[in-house]
Amino acid sequence: MFGKRDVTKAIAVLGSGRCGTSMVTKTLNFLGVDIGSEFIKTNQNNPKGFYEHKTVVEVQKQINEVMRYKRPYSVGWYKSNKIAPYKQQLKDMTNEQFSRSEVWAWKDPRNCECIELWNDILKDLKMDPYYLIMIRNPIDVANSFKEAYNDKMDKSLRLWYMRTLVVLVDTPKDKRVMFDYNDFLDDSYGSLKEIAQTFQLTWPEDERELKKNLDEFIDPGLRHMRTTMEDLEGN
């Protein structure tokens, strides 16, 4: 599908949990983007699949523990000796599994606080980074966390706030696209086309299979709430 490449493209899927990052990661795969295969297990909280690479999740959880969950992390954290072993694990996994891919993508909500580390890894591997950011009304995010995991609203709102600000600060504007969760659900075809244009991904000449895949995968019925901006401003 893709033409000959000079460098591997790497797409970081970013956003707080319950923002549609799983959904958008799978749709990238419909364009031929390599998202790997070693995923954490699907459960009732995400019946369509998380599409989170096991190694990435495990290593980034360990990083959170080492950093004592003091997020966002301190300036220059990713250069410290205590992080070096985890950086090497992620670097080895990336090189082994994705260095021969034209374009690959990875998703984990912890990508947000770890994005500086990933930028360093991709630079070392001479991969070209791009950033796909998913945004959702924080009230809906907090309510979704409460429904799925019984998390407290304040905790979920702080996490959304931290992760959203971090990715806006630590990603360059000319290499990122940002979508609202509801907008992507309402027009997945148009949203995916914008991603392809921005990241210079090859669009299929015959769109029938792509549209079929989107129709079968995207399920607006999984959206249980849609808070307005007026509700947010009044909260």
# chains A, B, ... in the order shown; residues from 1 in each chain; ligands from 1
$ select_by_dssp --residues "range 116-167 of chain A" --states "helix (DSSP H, G or I)" --output "PyMOL selection string"
chain A and resi 116-124+138-149+153-167
$ write_last_selection --atoms "C-alpha atoms" --output "mmCIF file, in the first residue's frame"
data_model
loop_
_atom_site.group_PDB
_atom_site.id
_atom_site.type_symbol
_atom_site.label_atom_id
_atom_site.label_comp_id
_atom_site.auth_asym_id
_atom_site.auth_seq_id
_atom_site.Cartn_x
_atom_site.Cartn_y
_atom_site.Cartn_z
ATOM 1 C CA GLU A 116 9.598 13.025 25.888
ATOM 2 C CA LEU A 117 11.158 9.604 26.381
ATOM 3 C CA TRP A 118 9.570 8.356 23.174
ATOM 4 C CA ASN A 119 10.809 11.382 21.253
ATOM 5 C CA ASP A 120 14.315 10.495 22.405
ATOM 6 C CA ILE A 121 13.895 6.839 21.427
ATOM 7 C CA LEU A 122 12.590 7.672 17.957
ATOM 8 C CA LYS A 123 15.438 10.112 17.426
ATOM 9 C CA ASP A 124 17.956 7.393 18.318
ATOM 10 C CA PRO A 138 -13.541 15.939 30.709
ATOM 11 C CA ILE A 139 -16.927 15.492 32.385
ATOM 12 C CA ASP A 140 -17.660 12.610 30.022
ATOM 13 C CA VAL A 141 -14.171 11.206 30.637
ATOM 14 C CA ALA A 142 -14.616 11.321 34.406
ATOM 15 C CA ASN A 143 -18.091 9.783 34.215
ATOM 16 C CA SER A 144 -16.780 7.035 31.927
ATOM 17 C CA PHE A 145 -13.940 6.239 34.356
ATOM 18 C CA LYS A 146 -16.464 6.114 37.209
ATOM 19 C CA GLU A 147 -18.732 3.767 35.261
ATOM 20 C CA ALA A 148 -15.905 1.493 34.085
ATOM 21 C CA TYR A 149 -13.560 1.472 37.090
ATOM 22 C CA MET A 153 -14.338 12.152 39.590
ATOM 23 C CA ASP A 154 -11.595 14.431 40.965
ATOM 24 C CA LYS A 155 -8.901 11.855 40.230
ATOM 25 C CA SER A 156 -10.066 11.359 36.650
ATOM 26 C CA LEU A 157 -10.346 15.100 36.012
ATOM 27 C CA ARG A 158 -6.801 15.722 37.299
ATOM 28 C CA LEU A 159 -5.461 12.923 35.094
ATOM 29 C CA TRP A 160 -7.276 14.289 32.025
ATOM 30 C CA TYR A 161 -5.976 17.794 32.738
ATOM 31 C CA MET A 162 -2.372 16.670 33.225
ATOM 32 C CA ARG A 163 -2.213 14.416 30.183
ATOM 33 C CA THR A 164 -3.949 16.873 27.881
ATOM 34 C CA LEU A 165 -1.639 19.758 28.812
ATOM 35 C CA VAL A 166 1.498 17.618 28.588
ATOM 36 C CA VAL A 167 0.820 16.491 25.025
#
$ closest_atom_pairs --of "range 154-213 of chain A" --to "range 6-14 of chain A" --cutoff "12 Å" --atoms "only C-alpha atoms" --output "Markdown table"
| residue | atom | partner | partner_atom | distance |
| --- | --- | --- | --- | --- |
| A:Trp160 | CA | A:Leu14 | CA | 11.4 |
| A:Arg163 | CA | A:Leu14 | CA | 8.5 |
| A:Thr164 | CA | A:Leu14 | CA | 8.6 |
| A:Leu165 | CA | A:Leu14 | CA | 11.3 |
| A:Val166 | CA | A:Leu14 | CA | 10.1 |
| A:Val167 | CA | A:Leu14 | CA | 7.2 |
| A:Leu168 | CA | A:Leu14 | CA | 10.0 |
| A:Asp170 | CA | A:Leu14 | CA | 11.3 |
| A:Thr171 | CA | A:Ala12 | CA | 10.0 |
| A:Lys175 | CA | A:Ile11 | CA | 9.7 |
| A:Arg176 | CA | A:Ile11 | CA | 9.2 |
| A:Val177 | CA | A:Val13 | CA | 10.1 |
| A:Met178 | CA | A:Leu14 | CA | 9.3 |
| A:Phe179 | CA | A:Leu14 | CA | 10.6 |
| A:Ile195 | CA | A:Ile11 | CA | 10.5 |
| A:Ala196 | CA | A:Ile11 | CA | 11.4 |
| A:Thr198 | CA | A:Ile11 | CA | 11.5 |
| A:Phe199 | CA | A:Lys9 | CA | 8.7 |
| A:Gln200 | CA | A:Lys9 | CA | 9.8 |
| A:Leu201 | CA | A:Lys9 | CA | 9.6 |
$ residues_around --residues "range 73-76 of chain A" --least-positions-apart "3" --cutoff "7 Å" --atoms "only C-alpha atoms" --output "MDAnalysis selection string"
chainID A and resid 70 79 113
$ closest_residue --among "A:Arg226, A:Lys152, A:Lys211, A:Lys54" --to "Ile35 in chain A" --atoms "only C-alpha atoms"
A:Lys54
$ atom_distance --atom1 "CA of Asp183 in chain A" --atom2 "CA of Lys48 in chain A"
18.7 Å
$ closest_residue --among "A:Thr227, A:Ser80, A:Asn182, A:Thr27" --to "Met134 in chain A" --atoms "only C-alpha atoms"
A:Asn182
$ residues_around --residues "range 83-86 of chain A" --least-positions-apart "2" --cutoff "12 Å" --atoms "only C-alpha atoms" --output "PyMOL selection string"
chain A and resi 55-67+73+76-81+88-93+114+117-118+120-121
$ select_by_dssp --residues "range 26-198 of chain A" --states "strand (DSSP E or B)" --output "PyMOL selection string"
chain A and resi 34+39+53+103-107+128-135+176-180
$ atom_distance --atom1 "CA of Ile133 in chain A" --atom2 "CA of Ile218 in chain A"
18.0 Å
$ residues_around --residues "Cys19 in chain A" --least-positions-apart "4" --cutoff "9 Å" --atoms "only C-alpha atoms" --output "NGL selection string"
:A and (15 or 23 or 134-137 or 140-141 or 180-181)
$ closest_residue --among "A:Lys41, A:Arg68, A:Lys107, A:Lys173" --to "Lys26 in chain A" --atoms "only C-alpha atoms"
A:Lys107
$ atom_distance --atom1 "CA of Leu192 in chain A" --atom2 "CA of Leu31 in chain A"
8.8 Å
$ closest_residue --among "A:Asp206, A:Glu52, A:Glu216, A:Asp231" --to "Asp108 in chain A" --atoms "only C-alpha atoms"
A:Glu52
$ decode --residues "range 53-102 of chain A" --atoms "C-alpha atoms" --output "CSV table (one decimal), in the first residue's frame"
chain,number,residue,atom,x,y,z
A,53,HIS,CA,1.1,-3.3,23.2
A,54,LYS,CA,1.9,-5.5,26.2
A,55,THR,CA,5.5,-4.5,26.5
A,56,VAL,CA,4.8,-0.7,26.2
A,57,VAL,CA,2.1,-1.0,28.9
A,58,GLU,CA,4.2,-3.0,31.3
A,59,VAL,CA,7.3,-0.8,30.9
A,60,GLN,CA,5.4,2.4,31.2
A,61,LYS,CA,3.7,1.2,34.3
A,62,GLN,CA,7.1,0.4,35.8
A,63,ILE,CA,8.3,3.9,34.9
A,64,ASN,CA,5.3,5.4,36.7
A,65,GLU,CA,6.3,3.4,39.8
A,66,VAL,CA,9.9,4.5,39.6
A,67,MET,CA,8.7,8.2,39.2
A,68,ARG,CA,6.3,7.6,42.2
A,69,TYR,CA,3.4,8.7,40.1
A,70,LYS,CA,4.4,12.4,40.5
A,71,ARG,CA,3.0,13.4,37.1
A,72,PRO,CA,3.9,15.4,35.1
A,73,TYR,CA,7.4,14.2,35.5
A,74,SER,CA,10.3,16.5,36.4
A,75,VAL,CA,12.3,18.3,33.8
A,76,GLY,CA,14.8,16.0,32.1
A,77,TRP,CA,13.4,12.9,33.8
A,78,TYR,CA,13.9,10.7,30.8
A,79,LYS,CA,17.7,11.3,30.8
A,80,SER,CA,18.2,10.0,34.3
A,81,ASN,CA,20.1,6.8,35.0
A,82,LYS,CA,17.2,5.2,36.7
A,83,ILE,CA,15.1,5.4,33.6
A,84,ALA,CA,17.9,4.1,31.3
A,85,PRO,CA,17.0,0.4,31.6
A,86,TYR,CA,13.3,1.1,30.7
A,87,LYS,CA,14.3,3.3,27.8
A,88,GLN,CA,16.5,0.4,26.5
A,89,GLN,CA,13.6,-2.1,26.8
A,90,LEU,CA,11.3,0.2,24.7
A,91,LYS,CA,14.0,0.9,22.2
A,92,ASP,CA,14.8,-2.8,21.7
A,93,MET,CA,11.2,-3.7,21.3
A,94,THR,CA,10.6,-0.9,18.8
A,95,ASN,CA,13.7,-1.7,16.8
A,96,GLU,CA,12.9,-5.4,16.7
A,97,GLN,CA,9.2,-5.2,15.9
A,98,PHE,CA,8.7,-2.0,13.9
A,99,SER,CA,12.0,-1.0,12.2
A,100,ARG,CA,10.9,-2.8,9.0
A,101,SER,CA,7.5,-1.2,8.9
A,102,GLU,CA,6.7,1.7,6.6
